[in-house]
Amino acid sequence: AQSVTQLDSQVPVFEEAPVELRCNYSSSVSVYLFWYVQYPNQGLQLLLKYLSGSTLVKGINGFEAEFNKSQTSFHLRKPSVHISDTAEYFCAVLPGRRALTFGSGTRLQVQP
Amino acid sequence: EPEVTQTPSHQVTQMGQEVILRCVPISNHLYFYWYRQILGQKVEFLVSFYNNEISEKSEIFDDQFSVERPDGSNFTLKIRSTKLEDSAMYFCASLLQPDTQYFGPGTRLTVL
């Protein structure tokens, strides 16, 4: 079985500051790792994914994430956030073609 | 860019009534999924569908739920007798292979 832990339910940050959203996972099999973003009243949009290869992956909107196998982490980072980044961010794992297991989400609140 | 569509965007129903939520996956995708998100909670897997049959389902997906692909384009989720606790946002997703699921905008189901 897989599980995903997002330790921070809310992260307030000022505009243009850096941010890190934490994600840890557990799995007995190799998994793919994803970050999805959900803007208010919208569906889930893929930000980035890790399948294999380089542990640093870059996604849309200036986000990046680093896969750390020893720490079973996949933290999301952005060096300078904008007001428009205010949203809910979900980390998820996928073992093969089976279902995504999501974390509980982190609400990023960017303040002016 | 092709996208997953869902109808209706919002469905209000009385407890005990049947509802059918509709999805049109991306046309050349082979795997289809339903997830739900109760307000303020994480996104939860319901069911996956491949080759015209259920490939996996969660413990949430009990006998009140069913899925169907009635033609070459639609993918439906039916809830036979809705309960108050079925109120949630329901997301459809589709997957070609091997890894990235594309989500629709969701249907908000409100059971009164």
# chains A, B, ... in the order shown; residues from 1 in each chain; ligands from 1
$ residues_around --residues "stretch 31-48 of chain B" --least-positions-apart "3" --cutoff "10 Å" --atoms "only C-alpha atoms" --output "PDB file with C-alpha atoms, in the first residue's frame"
ATOM      1  CA  LEU A  44      -6.665  19.347 -10.884  1.00  0.00           C
ATOM      2  CA  PHE A  90      -1.530  18.031  -3.914  1.00  0.00           C
ATOM      3  CA  ALA A  92       0.445  12.112  -5.325  1.00  0.00           C
ATOM      4  CA  ARG A  97      -1.071   2.101 -13.963  1.00  0.00           C
ATOM      5  CA  ARG A  98      -2.969   1.834 -10.729  1.00  0.00           C
ATOM      6  CA  ALA A  99      -4.779   4.650  -9.000  1.00  0.00           C
ATOM      7  CA  LEU A 100      -3.229   7.827  -7.735  1.00  0.00           C
ATOM      8  CA  THR A 101      -2.888   8.160  -3.990  1.00  0.00           C
ATOM      9  CA  PHE A 102      -3.085  11.770  -2.952  1.00  0.00           C
ATOM     10  CA  GLY A 103      -1.846  13.634   0.066  1.00  0.00           C
ATOM     11  CA  SER A 104      -4.222  15.795   2.060  1.00  0.00           C
ATOM     12  CA  GLY A 105      -3.113  18.934   0.267  1.00  0.00           C
TER      13      GLY A 105
ATOM     14  CA  CYS B  23     -17.308  12.397 -18.549  1.00  0.00           C
ATOM     15  CA  VAL B  24     -15.749  12.544 -21.980  1.00  0.00           C
ATOM     16  CA  PRO B  25     -12.146  11.367 -21.667  1.00  0.00           C
ATOM     17  CA  ILE B  26      -9.396  12.334 -24.070  1.00  0.00           C
ATOM     18  CA  ASN B  28      -7.153   8.106 -27.592  1.00  0.00           C
ATOM     19  CA  ASN B  51     -10.890  -2.523 -21.703  1.00  0.00           C
ATOM     20  CA  ASN B  52     -14.563  -2.130 -20.841  1.00  0.00           C
ATOM     21  CA  GLU B  53     -14.315  -3.436 -17.339  1.00  0.00           C
ATOM     22  CA  ILE B  54     -13.424  -2.303 -13.858  1.00  0.00           C
ATOM     23  CA  SER B  55      -9.746  -2.904 -13.215  1.00  0.00           C
ATOM     24  CA  GLU B  56      -9.642  -1.665  -9.634  1.00  0.00           C
ATOM     25  CA  LYS B  57     -11.995  -0.144  -7.094  1.00  0.00           C
ATOM     26  CA  SER B  58     -11.688   1.281  -3.624  1.00  0.00           C
ATOM     27  CA  GLU B  59     -13.708   0.421  -0.542  1.00  0.00           C
ATOM     28  CA  ILE B  60     -15.769   3.566  -1.190  1.00  0.00           C
ATOM     29  CA  PHE B  61     -17.051   2.104  -4.446  1.00  0.00           C
ATOM     30  CA  ASP B  62     -19.816  -0.068  -3.043  1.00  0.00           C
ATOM     31  CA  PHE B  65     -21.943   2.898  -7.521  1.00  0.00           C
ATOM     32  CA  SER B  66     -21.506   1.704 -11.078  1.00  0.00           C
ATOM     33  CA  VAL B  67     -19.535   2.832 -14.106  1.00  0.00           C
ATOM     34  CA  ARG B  69     -18.699   3.317 -21.093  1.00  0.00           C
ATOM     35  CA  PHE B  75     -17.655   7.398 -19.367  1.00  0.00           C
ATOM     36  CA  THR B  76     -20.334   7.579 -16.689  1.00  0.00           C
ATOM     37  CA  LEU B  77     -20.572   7.193 -12.935  1.00  0.00           C
ATOM     38  CA  GLU B  85     -22.407  11.757   2.493  1.00  0.00           C
ATOM     39  CA  ASP B  86     -22.137  11.372  -1.285  1.00  0.00           C
ATOM     40  CA  SER B  87     -21.979  15.161  -1.537  1.00  0.00           C
ATOM     41  CA  ALA B  88     -18.569  15.875  -3.009  1.00  0.00           C
ATOM     42  CA  MET B  89     -16.701  16.997  -6.085  1.00  0.00           C
ATOM     43  CA  TYR B  90     -16.343  14.101  -8.486  1.00  0.00           C
ATOM     44  CA  PHE B  91     -13.401  14.110 -10.870  1.00  0.00           C
ATOM     45  CA  CYS B  92     -12.968  12.017 -13.974  1.00  0.00           C
ATOM     46  CA  ALA B  93      -9.478  11.315 -15.285  1.00  0.00           C
ATOM     47  CA  SER B  94      -8.038   9.523 -18.263  1.00  0.00           C
ATOM     48  CA  LEU B  95      -4.658   8.034 -19.042  1.00  0.00           C
ATOM     49  CA  LEU B  96      -2.997   6.933 -22.231  1.00  0.00           C
ATOM     50  CA  GLN B  97       0.183   5.500 -20.822  1.00  0.00           C
ATOM     51  CA  PRO B  98       2.242   5.099 -18.895  1.00  0.00           C
ATOM     52  CA  GLN B 101      -3.644  11.130 -15.608  1.00  0.00           C
ATOM     53  CA  TYR B 102      -5.487  14.123 -17.002  1.00  0.00           C
ATOM     54  CA  PHE B 103      -8.337  15.400 -14.885  1.00  0.00           C
ATOM     55  CA  GLY B 104     -11.608  16.981 -15.847  1.00  0.00           C
ATOM     56  CA  GLY B 106     -15.195  18.072 -11.849  1.00  0.00           C
ATOM     57  CA  THR B 107     -18.894  17.804 -11.049  1.00  0.00           C
ATOM     58  CA  ARG B 108     -20.035  19.171  -7.729  1.00  0.00           C
ATOM     59  CA  LEU B 109     -22.738  16.872  -6.371  1.00  0.00           C
TER      60      LEU B 109
END
$ interface_residues --of "chain A" --to "chain B" --cutoff "12 Å" --atoms "only C-alpha atoms" --output "ChimeraX atom specification"
/A:3-6,9,31-52,88-107
$ write_last_selection --atoms "C-alpha atoms" --output "PDB file, in the first residue's frame"
ATOM      1  CA  SER A   3       0.585   6.684   1.480  1.00  0.00           C
ATOM      2  CA  VAL A   4       1.422  10.330   1.016  1.00  0.00           C
ATOM      3  CA  THR A   5       1.962  12.832   3.804  1.00  0.00           C
ATOM      4  CA  GLN A   6       1.827  16.561   3.323  1.00  0.00           C
ATOM      5  CA  SER A   9      -2.011  22.060   5.672  1.00  0.00           C
ATOM      6  CA  VAL A  31       6.296   4.733  -7.748  1.00  0.00           C
ATOM      7  CA  TYR A  32       5.933   7.726  -9.961  1.00  0.00           C
ATOM      8  CA  LEU A  33       5.528  11.028  -8.132  1.00  0.00           C
ATOM      9  CA  PHE A  34       3.365  13.979  -9.057  1.00  0.00           C
ATOM     10  CA  TRP A  35       2.358  17.410  -7.931  1.00  0.00           C
ATOM     11  CA  TYR A  36      -1.049  18.704  -8.944  1.00  0.00           C
ATOM     12  CA  VAL A  37      -2.458  22.190  -8.373  1.00  0.00           C
ATOM     13  CA  GLN A  38      -6.089  23.062  -7.799  1.00  0.00           C
ATOM     14  CA  TYR A  39      -7.066  26.702  -8.246  1.00  0.00           C
ATOM     15  CA  PRO A  40     -10.280  27.854  -6.557  1.00  0.00           C
ATOM     16  CA  ASN A  41     -13.349  26.226  -8.083  1.00  0.00           C
ATOM     17  CA  GLN A  42     -11.302  24.408 -10.689  1.00  0.00           C
ATOM     18  CA  GLY A  43     -10.087  20.876 -11.343  1.00  0.00           C
ATOM     19  CA  LEU A  44      -6.665  19.347 -10.884  1.00  0.00           C
ATOM     20  CA  GLN A  45      -3.839  20.474 -13.120  1.00  0.00           C
ATOM     21  CA  LEU A  46      -0.541  18.664 -13.398  1.00  0.00           C
ATOM     22  CA  LEU A  47       2.400  20.793 -12.222  1.00  0.00           C
ATOM     23  CA  LEU A  48       5.210  18.293 -12.637  1.00  0.00           C
ATOM     24  CA  LYS A  49       6.117  14.648 -12.339  1.00  0.00           C
ATOM     25  CA  TYR A  50       9.021  12.388 -11.541  1.00  0.00           C
ATOM     26  CA  LEU A  51       9.282   9.110 -13.408  1.00  0.00           C
ATOM     27  CA  SER A  52      12.992   8.336 -13.462  1.00  0.00           C
ATOM     28  CA  GLU A  88      -4.253  24.029  -3.154  1.00  0.00           C
ATOM     29  CA  TYR A  89      -1.298  21.793  -3.990  1.00  0.00           C
ATOM     30  CA  PHE A  90      -1.530  18.031  -3.914  1.00  0.00           C
ATOM     31  CA  CYS A  91       1.296  15.548  -3.924  1.00  0.00           C
ATOM     32  CA  ALA A  92       0.445  12.112  -5.325  1.00  0.00           C
ATOM     33  CA  VAL A  93       2.046   8.758  -6.061  1.00  0.00           C
ATOM     34  CA  LEU A  94       1.239   6.271  -8.784  1.00  0.00           C
ATOM     35  CA  PRO A  95       2.408   2.658  -8.733  1.00  0.00           C
ATOM     36  CA  GLY A  96       2.327   1.628 -12.364  1.00  0.00           C
ATOM     37  CA  ARG A  97      -1.071   2.101 -13.963  1.00  0.00           C
ATOM     38  CA  ARG A  98      -2.969   1.834 -10.729  1.00  0.00           C
ATOM     39  CA  ALA A  99      -4.779   4.650  -9.000  1.00  0.00           C
ATOM     40  CA  LEU A 100      -3.229   7.827  -7.735  1.00  0.00           C
ATOM     41  CA  THR A 101      -2.888   8.160  -3.990  1.00  0.00           C
ATOM     42  CA  PHE A 102      -3.085  11.770  -2.952  1.00  0.00           C
ATOM     43  CA  GLY A 103      -1.846  13.634   0.066  1.00  0.00           C
ATOM     44  CA  SER A 104      -4.222  15.795   2.060  1.00  0.00           C
ATOM     45  CA  GLY A 105      -3.113  18.934   0.267  1.00  0.00           C
ATOM     46  CA  THR A 106      -1.349  22.159   1.192  1.00  0.00           C
ATOM     47  CA  ARG A 107      -3.076  25.480   0.794  1.00  0.00           C
TER      48      ARG A 107
END
$ atom_distance --atom1 "atom CA of B:Leu84" --atom2 "atom CA of B:His10"
15.4 Å
$ select_by_dssp --residues "chain A" --states "strand (DSSP E or B)" --output "PDB file with C-alpha atoms, in the first residue's frame"
ATOM      1  CA  SER A   3       0.585   6.684   1.480  1.00  0.00           C
ATOM      2  CA  VAL A   4       1.422  10.330   1.016  1.00  0.00           C
ATOM      3  CA  THR A   5       1.962  12.832   3.804  1.00  0.00           C
ATOM      4  CA  GLN A  10      -1.483  25.778   5.069  1.00  0.00           C
ATOM      5  CA  VAL A  11       1.541  27.805   4.041  1.00  0.00           C
ATOM      6  CA  PRO A  12       1.228  31.597   4.138  1.00  0.00           C
ATOM      7  CA  VAL A  13       3.953  33.448   2.282  1.00  0.00           C
ATOM      8  CA  PHE A  14       4.550  36.941   1.000  1.00  0.00           C
ATOM      9  CA  VAL A  19       8.367  28.637  -0.839  1.00  0.00           C
ATOM     10  CA  GLU A  20       8.740  24.916  -0.181  1.00  0.00           C
ATOM     11  CA  LEU A  21       5.799  22.562   0.135  1.00  0.00           C
ATOM     12  CA  ASN A  24       6.769  12.463   2.005  1.00  0.00           C
ATOM     13  CA  TYR A  25       5.581   9.118   0.749  1.00  0.00           C
ATOM     14  CA  SER A  26       5.757   5.471   1.626  1.00  0.00           C
ATOM     15  CA  TYR A  32       5.933   7.726  -9.961  1.00  0.00           C
ATOM     16  CA  LEU A  33       5.528  11.028  -8.132  1.00  0.00           C
ATOM     17  CA  PHE A  34       3.365  13.979  -9.057  1.00  0.00           C
ATOM     18  CA  TRP A  35       2.358  17.410  -7.931  1.00  0.00           C
ATOM     19  CA  TYR A  36      -1.049  18.704  -8.944  1.00  0.00           C
ATOM     20  CA  VAL A  37      -2.458  22.190  -8.373  1.00  0.00           C
ATOM     21  CA  GLN A  38      -6.089  23.062  -7.799  1.00  0.00           C
ATOM     22  CA  LEU A  44      -6.665  19.347 -10.884  1.00  0.00           C
ATOM     23  CA  GLN A  45      -3.839  20.474 -13.120  1.00  0.00           C
ATOM     24  CA  LEU A  46      -0.541  18.664 -13.398  1.00  0.00           C
ATOM     25  CA  LEU A  47       2.400  20.793 -12.222  1.00  0.00           C
ATOM     26  CA  LEU A  48       5.210  18.293 -12.637  1.00  0.00           C
ATOM     27  CA  LYS A  49       6.117  14.648 -12.339  1.00  0.00           C
ATOM     28  CA  TYR A  50       9.021  12.388 -11.541  1.00  0.00           C
ATOM     29  CA  LEU A  56      15.330  17.487  -9.995  1.00  0.00           C
ATOM     30  CA  VAL A  57      12.282  18.008 -12.148  1.00  0.00           C
ATOM     31  CA  LYS A  58      10.948  21.269 -13.470  1.00  0.00           C
ATOM     32  CA  GLU A  64      10.396  22.477  -9.409  1.00  0.00           C
ATOM     33  CA  ALA A  65      10.630  19.439  -7.169  1.00  0.00           C
ATOM     34  CA  GLU A  66      13.390  17.175  -5.997  1.00  0.00           C
ATOM     35  CA  PHE A  67      13.037  13.444  -5.529  1.00  0.00           C
ATOM     36  CA  ASN A  68      15.001  12.131  -2.577  1.00  0.00           C
ATOM     37  CA  SER A  73      10.468  12.897  -0.160  1.00  0.00           C
ATOM     38  CA  PHE A  74       9.357  14.943  -3.136  1.00  0.00           C
ATOM     39  CA  HIS A  75       9.257  18.545  -1.963  1.00  0.00           C
ATOM     40  CA  LEU A  76       7.945  21.278  -4.234  1.00  0.00           C
ATOM     41  CA  ARG A  77       9.752  24.595  -4.478  1.00  0.00           C
ATOM     42  CA  LYS A  78       9.473  27.945  -6.159  1.00  0.00           C
ATOM     43  CA  ALA A  87      -4.090  27.494  -4.668  1.00  0.00           C
ATOM     44  CA  GLU A  88      -4.253  24.029  -3.154  1.00  0.00           C
ATOM     45  CA  TYR A  89      -1.298  21.793  -3.990  1.00  0.00           C
ATOM     46  CA  PHE A  90      -1.530  18.031  -3.914  1.00  0.00           C
ATOM     47  CA  CYS A  91       1.296  15.548  -3.924  1.00  0.00           C
ATOM     48  CA  ALA A  92       0.445  12.112  -5.325  1.00  0.00           C
ATOM     49  CA  VAL A  93       2.046   8.758  -6.061  1.00  0.00           C
ATOM     50  CA  LEU A  94       1.239   6.271  -8.784  1.00  0.00           C
ATOM     51  CA  THR A 101      -2.888   8.160  -3.990  1.00  0.00           C
ATOM     52  CA  PHE A 102      -3.085  11.770  -2.952  1.00  0.00           C
ATOM     53  CA  THR A 106      -1.349  22.159   1.192  1.00  0.00           C
ATOM     54  CA  ARG A 107      -3.076  25.480   0.794  1.00  0.00           C
ATOM     55  CA  LEU A 108      -0.581  28.060  -0.406  1.00  0.00           C
ATOM     56  CA  GLN A 109      -1.691  31.580   0.471  1.00  0.00           C
ATOM     57  CA  VAL A 110       0.377  34.276  -1.168  1.00  0.00           C
ATOM     58  CA  GLN A 111      -0.026  37.668   0.470  1.00  0.00           C
TER      59      GLN A 111
END
$ select_by_dssp --residues "chain A" --states "helix (DSSP H, G or I)" --output "list in words"
Ile60, Asn61, Gly62, Ile83, Ser84 and Asp85 of chain A
$ write_last_selection --atoms "N, CA and C atoms" --output "short mmCIF file (atom, residue, chain, number, x, y, z; two decimals), in the first residue's frame"
data_model
loop_
_atom_site.label_atom_id
_atom_site.label_comp_id
_atom_site.auth_asym_id
_atom_site.auth_seq_id
_atom_site.Cartn_x
_atom_site.Cartn_y
_atom_site.Cartn_z
N ILE A 60 5.56 23.47 -14.64
CA ILE A 60 5.01 24.72 -15.17
C ILE A 60 5.04 25.80 -14.10
N ASN A 61 4.90 27.04 -14.54
CA ASN A 61 4.77 28.19 -13.64
C ASN A 61 5.97 28.37 -12.72
N GLY A 62 7.15 27.90 -13.13
CA GLY A 62 8.37 28.13 -12.36
C GLY A 62 8.57 27.20 -11.18
N ILE A 83 1.04 36.24 -6.49
CA ILE A 83 -0.33 36.16 -5.96
C ILE A 83 -1.12 35.06 -6.67
N SER A 84 -0.87 34.92 -7.95
CA SER A 84 -1.61 33.94 -8.76
C SER A 84 -1.27 32.49 -8.41
N ASP A 85 -0.25 32.28 -7.60
CA ASP A 85 0.09 30.92 -7.16
C ASP A 85 -0.79 30.44 -6.01
#
$ atom_distance --atom1 "atom CA of B:Glu1" --atom2 "atom CA of B:Arg22"
20.4 Å
$ atom_distance --atom1 "atom CA of B:Gln11" --atom2 "atom CA of B:Asp71"
22.6 Å
$ closest_residue --among "A:Ala17, A:Phe63, A:Gln2, A:Gln71" --to "A:Ser30" --atoms "only C-alpha atoms"
A:Gln2
